[in-house]
Structure formats: C-alpha cells, structure tokens
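Next comes my_file17.txt, with compact mmCIF, N, CA and C atoms.
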# COMPACT_ATOMS: atom_id res chain seq x y z
N GLY A 147 129.04 92.98 91.32
CA GLY A 147 129.31 92.89 92.72
C GLY A 147 128.05 93.02 93.55
N ALA A 148 128.26 92.91 94.84
CA ALA A 148 127.14 93.02 95.78
C ALA A 148 126.68 94.46 95.89
N LYS A 149 125.38 94.63 96.07
CA LYS A 149 124.82 95.97 96.22
C LYS A 149 124.75 96.32 97.70
N GLY A 150 125.08 97.55 98.03
CA GLY A 150 125.08 97.99 99.41
C GLY A 150 123.84 98.79 99.77
N ALA A 151 123.84 99.28 100.97
CA ALA A 151 122.69 100.02 101.49
C ALA A 151 122.92 101.53 101.46
N LEU A 152 123.77 101.99 100.56
CA LEU A 152 124.04 103.42 100.46
C LEU A 152 122.87 104.14 99.81
N PRO A 153 122.64 105.39 100.19
CA PRO A 153 121.50 106.14 99.65
C PRO A 153 121.49 106.25 98.13
N ASP A 154 122.66 106.25 97.51
CA ASP A 154 122.70 106.40 96.05
C ASP A 154 122.47 105.07 95.32
N ASP A 155 122.22 104.02 96.06
CA ASP A 155 122.00 102.70 95.46
C ASP A 155 120.50 102.50 95.21
N ALA A 156 119.95 103.24 94.24
CA ALA A 156 118.52 103.20 93.95
C ALA A 156 118.09 101.92 93.27
N ASN A 157 119.02 101.08 92.92
CA ASN A 157 118.67 99.83 92.25
C ASN A 157 118.54 98.67 93.22
N SER A 158 118.76 98.91 94.51
CA SER A 158 118.68 97.81 95.46
C SER A 158 117.25 97.29 95.55
N THR A 159 117.14 96.00 95.79
CA THR A 159 115.84 95.35 95.87
C THR A 159 114.98 95.96 96.97
N CYS A 160 115.55 96.21 98.14
CA CYS A 160 114.78 96.76 99.26
C CYS A 160 114.27 98.16 98.93
N PHE A 161 115.09 98.96 98.27
CA PHE A 161 114.67 100.31 97.90
C PHE A 161 113.47 100.24 96.96
N LEU A 162 113.53 99.36 95.99
CA LEU A 162 112.43 99.23 95.03
C LEU A 162 111.18 98.69 95.72
N GLN A 163 111.35 97.74 96.64
CA GLN A 163 110.21 97.21 97.37
C GLN A 163 109.55 98.31 98.21
N GLU A 164 110.35 99.16 98.83
CA GLU A 164 109.80 100.24 99.65
C GLU A 164 109.05 101.24 98.78
N GLN A 165 109.57 101.55 97.60
CA GLN A 165 108.86 102.45 96.70
C GLN A 165 107.51 101.85 96.30
N HIS A 166 107.50 100.55 95.99
CA HIS A 166 106.26 99.86 95.61
C HIS A 166 105.27 99.87 96.79
N ARG A 167 105.76 99.59 97.98
CA ARG A 167 104.92 99.59 99.18
C ARG A 167 104.31 100.97 99.40
N SER A 168 105.09 102.02 99.25
CA SER A 168 104.60 103.38 99.44
C SER A 168 103.49 103.71 98.45
N ARG A 169 103.63 103.27 97.21
CA ARG A 169 102.59 103.53 96.21
C ARG A 169 101.31 102.78 96.56
N ILE A 170 101.43 101.56 97.05
CA ILE A 170 100.25 100.77 97.44
C ILE A 170 99.54 101.43 98.61
N LEU A 171 100.30 101.85 99.63
CA LEU A 171 99.70 102.48 100.80
C LEU A 171 99.01 103.79 100.44
N ALA A 172 99.56 104.51 99.50
CA ALA A 172 98.96 105.78 99.09
C ALA A 172 97.61 105.57 98.40
N ARG A 173 97.39 104.38 97.83
CA ARG A 173 96.15 104.10 97.11
C ARG A 173 95.10 103.43 97.98
N GLN A 174 95.43 103.05 99.20
CA GLN A 174 94.47 102.34 100.04
C GLN A 174 93.33 103.26 100.45
N PRO A 175 92.12 102.72 100.46
CA PRO A 175 90.96 103.54 100.84
C PRO A 175 90.97 103.88 102.33
N ASP A 176 90.27 104.93 102.67
CA ASP A 176 90.13 105.34 104.06
C ASP A 176 88.89 104.67 104.63
N TYR A 177 89.08 103.79 105.60
CA TYR A 177 87.96 103.08 106.20
C TYR A 177 87.42 103.78 107.44
N GLY A 178 87.96 104.93 107.75
CA GLY A 178 87.49 105.66 108.91
C GLY A 178 87.94 105.07 110.24
N HIS A 179 89.14 104.50 110.26
CA HIS A 179 89.65 103.95 111.52
C HIS A 179 89.80 105.07 112.55
N PRO A 180 89.45 104.80 113.79
CA PRO A 180 89.61 105.83 114.83
C PRO A 180 91.08 106.11 115.10
N SER A 181 91.36 107.31 115.54
CA SER A 181 92.76 107.71 115.78
C SER A 181 93.41 106.89 116.89
N TRP A 182 92.61 106.37 117.81
CA TRP A 182 93.16 105.64 118.96
C TRP A 182 93.49 104.19 118.67
N ILE A 183 93.22 103.71 117.47
CA ILE A 183 93.34 102.27 117.20
C ILE A 183 94.76 101.74 117.44
N GLN A 184 95.76 102.57 117.21
CA GLN A 184 97.15 102.13 117.41
C GLN A 184 97.49 101.90 118.88
N SER A 185 96.69 102.47 119.79
CA SER A 185 96.97 102.31 121.21
C SER A 185 96.36 101.04 121.80
N CYS A 186 95.58 100.32 121.03
CA CYS A 186 94.91 99.12 121.53
C CYS A 186 95.88 97.96 121.65
N LYS A 187 95.89 97.33 122.81
CA LYS A 187 96.70 96.11 122.99
C LYS A 187 95.82 94.87 122.86
N SER A 188 94.53 95.03 123.13
CA SER A 188 93.55 93.95 122.98
C SER A 188 92.35 94.52 122.24
N ILE A 189 91.90 93.81 121.22
CA ILE A 189 90.75 94.27 120.45
C ILE A 189 89.70 93.17 120.41
N TYR A 190 88.48 93.54 120.81
CA TYR A 190 87.34 92.65 120.64
C TYR A 190 86.70 93.03 119.31
N LEU A 191 86.61 92.08 118.40
CA LEU A 191 86.05 92.30 117.08
C LEU A 191 84.67 91.66 117.03
N ASP A 192 83.66 92.49 116.86
CA ASP A 192 82.26 92.05 116.86
C ASP A 192 81.74 92.15 115.43
N VAL A 193 81.70 91.04 114.74
CA VAL A 193 81.25 91.01 113.35
C VAL A 193 79.76 90.66 113.33
N GLY A 194 78.98 91.63 112.87
CA GLY A 194 77.52 91.49 112.94
C GLY A 194 77.04 92.00 114.28
N SER A 195 77.35 93.24 114.58
CA SER A 195 77.08 93.82 115.90
C SER A 195 75.60 93.93 116.25
N ASN A 196 74.75 94.01 115.23
CA ASN A 196 73.33 94.18 115.46
C ASN A 196 73.12 95.43 116.31
N LYS A 197 72.59 95.31 117.51
CA LYS A 197 72.35 96.47 118.38
C LYS A 197 73.49 96.72 119.36
N GLY A 198 74.57 95.96 119.27
CA GLY A 198 75.73 96.20 120.12
C GLY A 198 75.72 95.47 121.45
N VAL A 199 74.87 94.46 121.60
CA VAL A 199 74.73 93.79 122.89
C VAL A 199 76.01 93.08 123.32
N GLN A 200 76.73 92.46 122.40
CA GLN A 200 77.96 91.74 122.79
C GLN A 200 79.01 92.71 123.33
N ILE A 201 79.11 93.88 122.71
CA ILE A 201 80.07 94.87 123.20
C ILE A 201 79.61 95.40 124.56
N ARG A 202 78.31 95.54 124.73
CA ARG A 202 77.80 95.95 126.04
C ARG A 202 78.15 94.90 127.10
N LYS A 203 78.11 93.63 126.75
CA LYS A 203 78.47 92.57 127.70
C LYS A 203 79.94 92.68 128.09
N LEU A 204 80.77 93.11 127.15
CA LEU A 204 82.20 93.28 127.43
C LEU A 204 82.42 94.37 128.47
N PHE A 205 81.77 95.53 128.29
CA PHE A 205 82.00 96.68 129.16
C PHE A 205 80.99 96.84 130.29
N GLU A 206 79.81 96.26 130.14
CA GLU A 206 78.77 96.38 131.17
C GLU A 206 78.24 95.00 131.56
N PRO A 207 79.11 94.12 132.02
CA PRO A 207 78.69 92.75 132.30
C PRO A 207 77.62 92.63 133.38
N GLU A 208 77.53 93.64 134.25
CA GLU A 208 76.52 93.58 135.32
C GLU A 208 75.11 93.62 134.77
N LEU A 209 74.94 94.09 133.54
CA LEU A 209 73.61 94.11 132.92
C LEU A 209 73.22 92.75 132.34
N TYR A 210 74.20 91.87 132.21
CA TYR A 210 73.97 90.54 131.60
C TYR A 210 74.64 89.46 132.48
N PRO A 211 74.23 89.32 133.73
CA PRO A 211 74.95 88.46 134.67
C PRO A 211 75.00 86.98 134.28
N ASN A 212 74.04 86.51 133.50
CA ASN A 212 74.03 85.09 133.12
C ASN A 212 74.48 84.84 131.69
N ALA A 213 75.09 85.82 131.06
CA ALA A 213 75.52 85.66 129.67
C ALA A 213 76.63 84.61 129.58
N PRO A 214 76.46 83.62 128.72
CA PRO A 214 77.47 82.57 128.58
C PRO A 214 78.84 83.07 128.14
N VAL A 215 78.92 84.24 127.51
CA VAL A 215 80.19 84.74 127.00
C VAL A 215 81.06 85.37 128.09
N LEU A 216 80.50 85.70 129.24
CA LEU A 216 81.26 86.41 130.27
C LEU A 216 82.52 85.69 130.72
N PRO A 217 82.50 84.36 130.94
CA PRO A 217 83.76 83.69 131.31
C PRO A 217 84.84 83.82 130.22
N LEU A 218 84.43 83.81 128.98
CA LEU A 218 85.39 83.97 127.88
C LEU A 218 85.97 85.39 127.89
N PHE A 219 85.12 86.39 128.12
CA PHE A 219 85.60 87.76 128.21
C PHE A 219 86.58 87.91 129.37
N THR A 220 86.27 87.29 130.49
CA THR A 220 87.16 87.36 131.65
C THR A 220 88.50 86.71 131.34
N LYS A 221 88.46 85.55 130.72
CA LYS A 221 89.70 84.84 130.37
C LYS A 221 90.54 85.63 129.37
N THR A 222 89.89 86.26 128.40
CA THR A 222 90.60 86.93 127.31
C THR A 222 90.99 88.37 127.65
N PHE A 223 90.09 89.11 128.31
CA PHE A 223 90.30 90.54 128.52
C PHE A 223 90.45 90.95 129.99
N GLY A 224 90.36 89.99 130.90
CA GLY A 224 90.48 90.29 132.32
C GLY A 224 89.11 90.40 132.97
N ASN A 225 89.10 90.52 134.30
CA ASN A 225 87.82 90.57 135.02
C ASN A 225 87.09 91.87 134.71
N ALA A 226 85.84 91.93 135.12
CA ALA A 226 84.98 93.07 134.80
C ALA A 226 85.58 94.39 135.30
N THR A 227 86.19 94.37 136.46
CA THR A 227 86.79 95.59 137.01
C THR A 227 87.89 96.11 136.09
N GLU A 228 88.69 95.20 135.56
CA GLU A 228 89.76 95.61 134.63
C GLU A 228 89.19 96.08 133.30
N ARG A 229 88.20 95.37 132.78
CA ARG A 229 87.60 95.72 131.48
C ARG A 229 86.90 97.06 131.52
N CYS A 230 86.41 97.45 132.69
CA CYS A 230 85.63 98.69 132.81
C CYS A 230 86.50 99.92 133.04
N LYS A 231 87.80 99.73 133.15
CA LYS A 231 88.70 100.87 133.27
C LYS A 231 88.75 101.59 131.92
N PRO A 232 89.07 102.88 131.93
CA PRO A 232 89.23 103.59 130.65
C PRO A 232 90.31 102.91 129.79
N ALA A 233 90.16 103.03 128.49
CA ALA A 233 91.11 102.39 127.57
C ALA A 233 92.54 102.86 127.80
N ALA A 234 92.71 104.07 128.29
CA ALA A 234 94.06 104.56 128.58
C ALA A 234 94.76 103.69 129.62
N GLU A 235 93.98 103.02 130.47
CA GLU A 235 94.53 102.12 131.48
C GLU A 235 94.47 100.66 131.04
N SER A 236 93.37 100.25 130.43
CA SER A 236 93.18 98.83 130.10
C SER A 236 93.74 98.46 128.73
N SER A 237 93.82 99.42 127.82
CA SER A 237 94.24 99.19 126.42
C SER A 237 93.30 98.25 125.68
N ILE A 238 92.07 98.10 126.18
CA ILE A 238 91.06 97.26 125.52
C ILE A 238 90.23 98.15 124.60
N CYS A 239 90.01 97.66 123.39
CA CYS A 239 89.19 98.36 122.41
C CYS A 239 88.20 97.37 121.81
N ALA A 240 87.10 97.90 121.34
CA ALA A 240 86.10 97.07 120.67
C ALA A 240 85.75 97.70 119.33
N LEU A 241 85.78 96.86 118.31
CA LEU A 241 85.42 97.28 116.95
C LEU A 241 84.26 96.42 116.50
N GLY A 242 83.21 97.06 116.03
CA GLY A 242 82.04 96.33 115.56
C GLY A 242 81.75 96.61 114.10
N PHE A 243 81.24 95.62 113.41
CA PHE A 243 80.81 95.75 112.02
C PHE A 243 79.32 95.48 111.96
N GLU A 244 78.58 96.43 111.41
CA GLU A 244 77.14 96.26 111.27
C GLU A 244 76.64 97.03 110.04
N PRO A 245 76.34 96.30 108.96
CA PRO A 245 75.89 96.97 107.73
C PRO A 245 74.42 97.38 107.72
N ASN A 246 73.62 96.87 108.65
CA ASN A 246 72.20 97.18 108.65
C ASN A 246 71.98 98.63 109.08
N PRO A 247 71.46 99.48 108.19
CA PRO A 247 71.28 100.90 108.54
C PRO A 247 70.29 101.13 109.67
N GLN A 248 69.43 100.16 109.95
CA GLN A 248 68.47 100.32 111.05
C GLN A 248 69.14 100.41 112.42
N HIS A 249 70.37 99.92 112.52
CA HIS A 249 71.06 99.92 113.81
C HIS A 249 72.06 101.07 113.96
N GLN A 250 72.27 101.84 112.91
CA GLN A 250 73.33 102.86 112.93
C GLN A 250 73.15 103.91 114.03
N ASP A 251 71.97 104.47 114.15
CA ASP A 251 71.76 105.51 115.15
C ASP A 251 72.05 105.00 116.56
N ARG A 252 71.52 103.83 116.87
CA ARG A 252 71.73 103.26 118.21
C ARG A 252 73.22 103.01 118.46
N LEU A 253 73.92 102.46 117.47
CA LEU A 253 75.34 102.15 117.64
C LEU A 253 76.19 103.42 117.75
N LYS A 254 75.82 104.46 117.02
CA LYS A 254 76.53 105.73 117.14
C LYS A 254 76.35 106.30 118.54
N LYS A 255 75.15 106.22 119.08
CA LYS A 255 74.88 106.70 120.44
C LYS A 255 75.64 105.87 121.47
N LEU A 256 75.68 104.57 121.25
CA LEU A 256 76.41 103.69 122.17
C LEU A 256 77.90 104.03 122.18
N ALA A 257 78.48 104.18 120.99
CA ALA A 257 79.91 104.50 120.90
C ALA A 257 80.20 105.85 121.57
N ALA A 258 79.33 106.83 121.34
CA ALA A 258 79.52 108.16 121.96
C ALA A 258 79.42 108.07 123.48
N ALA A 259 78.45 107.33 123.98
CA ALA A 259 78.30 107.17 125.43
C ALA A 259 79.53 106.49 126.02
N TYR A 260 80.02 105.47 125.34
CA TYR A 260 81.19 104.75 125.84
C TYR A 260 82.45 105.62 125.81
N GLN A 261 82.56 106.50 124.83
CA GLN A 261 83.69 107.42 124.79
C GLN A 261 83.70 108.29 126.05
N ASN A 262 82.51 108.64 126.55
CA ASN A 262 82.42 109.44 127.78
C ASN A 262 82.98 108.70 128.99
N TYR A 263 82.97 107.37 128.94
CA TYR A 263 83.57 106.56 130.00
C TYR A 263 85.05 106.29 129.75
N GLY A 264 85.54 106.73 128.60
CA GLY A 264 86.93 106.48 128.25
C GLY A 264 87.14 105.15 127.57
N TRP A 265 86.06 104.49 127.18
CA TRP A 265 86.18 103.20 126.49
C TRP A 265 86.30 103.45 124.99
N HIS A 266 87.17 102.70 124.36
CA HIS A 266 87.38 102.84 122.92
C HIS A 266 86.52 101.84 122.17
N VAL A 267 85.45 102.36 121.59
CA VAL A 267 84.50 101.55 120.82
C VAL A 267 84.23 102.27 119.51
N HIS A 268 84.29 101.52 118.42
CA HIS A 268 84.03 102.10 117.10
C HIS A 268 83.24 101.10 116.27
N PHE A 269 82.27 101.59 115.54
CA PHE A 269 81.48 100.75 114.65
C PHE A 269 81.72 101.14 113.20
N TYR A 270 81.85 100.13 112.38
CA TYR A 270 81.97 100.30 110.93
C TYR A 270 80.62 99.89 110.34
N PHE A 271 80.06 100.77 109.55
CA PHE A 271 78.74 100.50 108.98
C PHE A 271 78.88 99.99 107.55
N MET A 272 79.53 98.86 107.46
CA MET A 272 79.77 98.20 106.17
C MET A 272 79.86 96.71 106.40
N ALA A 273 79.74 95.96 105.33
CA ALA A 273 79.86 94.51 105.42
C ALA A 273 81.26 94.08 105.05
Please, can you express the file's structure as structure tokens?
Amino acid sequence: GAKGALPDDANSTCFLQEQHRSRILARQPDYGHPSWIQSCKSIYLDVGSNKGVQIRKLFEPELYPNAPVLPLFTKTFGNATERCKPAAESSICALGFEPNPQHQDRLKKLAAAYQNYGWHVHFYFMA
C-alpha cells in the first residue's frame, strides 16, 4: 500500500532523504560565513577583490566619480544614497574573494571600517 507521513513511517522516501541530507550538511566544511549573511537581500560578489576597489566603488562612489561600473551598481543596487545606508536598512552585502596574502591586511581593515558604518562586507581569503 501507499506510505503515509506518520512519524513511525521510517521507510518513507522523504524521511530517508532528510536523513541523508542531514548527514551531508554535518560534514560540510566551515567557510567562515559571517553571521549576517542570511539577512542579505542583495549580494555583490567580488571575485578577485585585489585591494577591494570595486567594493569601495559600491559603498563609496563619490571617491570614483568616473568609474564605468557606477551605472550598473545604481541599476542593480539602487542609487548611492540607498547603497550607503546601513545594511540593516538597505539589505545590501558585499562578499569578496582574494587568495593573495599580500592584500589580506588591507581587506581586513576595509571590512572592519565598513562594519563601523553598518555595511556588511566580508572577504574570503581563498581561491
């Protein structure tokens, strides 16, 4: 007969799939995701962050008034006034990947400074 969704039906396909999923999730490595990542509604992903200039253009566009990317940032994330609001209001986050250890100190300082403004920025130091 058909199998139901009763708790004692441990042979159901969905129950077995959930057990398998739980085992897989338990084995996943910790990548150091920031605690706020679930609150992001828009994420700018900067692959190859180098010194973090593209993320700076996102949050500090006045420093790069002629940057060709600014119209794209405006179209995707809103105007500069909206982007510069704290993440609690804008829900904008930026994640950068930069494996070059020469840039780590600068990027850590940038992320810390941006946290003081309420901006959610995190760098992963891996490829």
ask   = So which one's closest to Gln248 of chain A, A:Asn196, A:Thr222, A:Ser236, A:Ser181? Using only N, CA and C atoms, please.
value =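 Nearest to Gln248 of chain A: A:Asn196.
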request  = For Tyr210 of chain A, list every protein, DNA or RNA residue within 12 Å, evaluated using only C-alpha atoms, and leave out those in the same chain fewer than 5 positions away; present the list as a PyMOL selection string.
outcome  = chain A and resi 199-205+215-217+226
Picked from segment 165-270 of chain A by DSSP as strand (DSSP E), as a PyMOL selection string = chain A and resi 188-193+238-243+266-270
key: Separation of atom C of Lys187 of chain A from atom C of Pro214 of chain A in Å   =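 The value is 21.3 Å.
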ask   = Can you tell me, as a VMD selection string, what residues are no more than 8 Å from segment 249-263 of chain A when counting all atoms listed in the file, ignoring any on the same chain fewer than 4 positions away?
value = chain A and resid 195 to 198 230 to 233 244 to 245 267 to 269 271
message = One number please: atom CA of Glu208 of chain A to atom CA of His179 of chain A, in Å, one decimal.
response =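 Rounded to one decimal, the two atoms are 29.1 Å apart.
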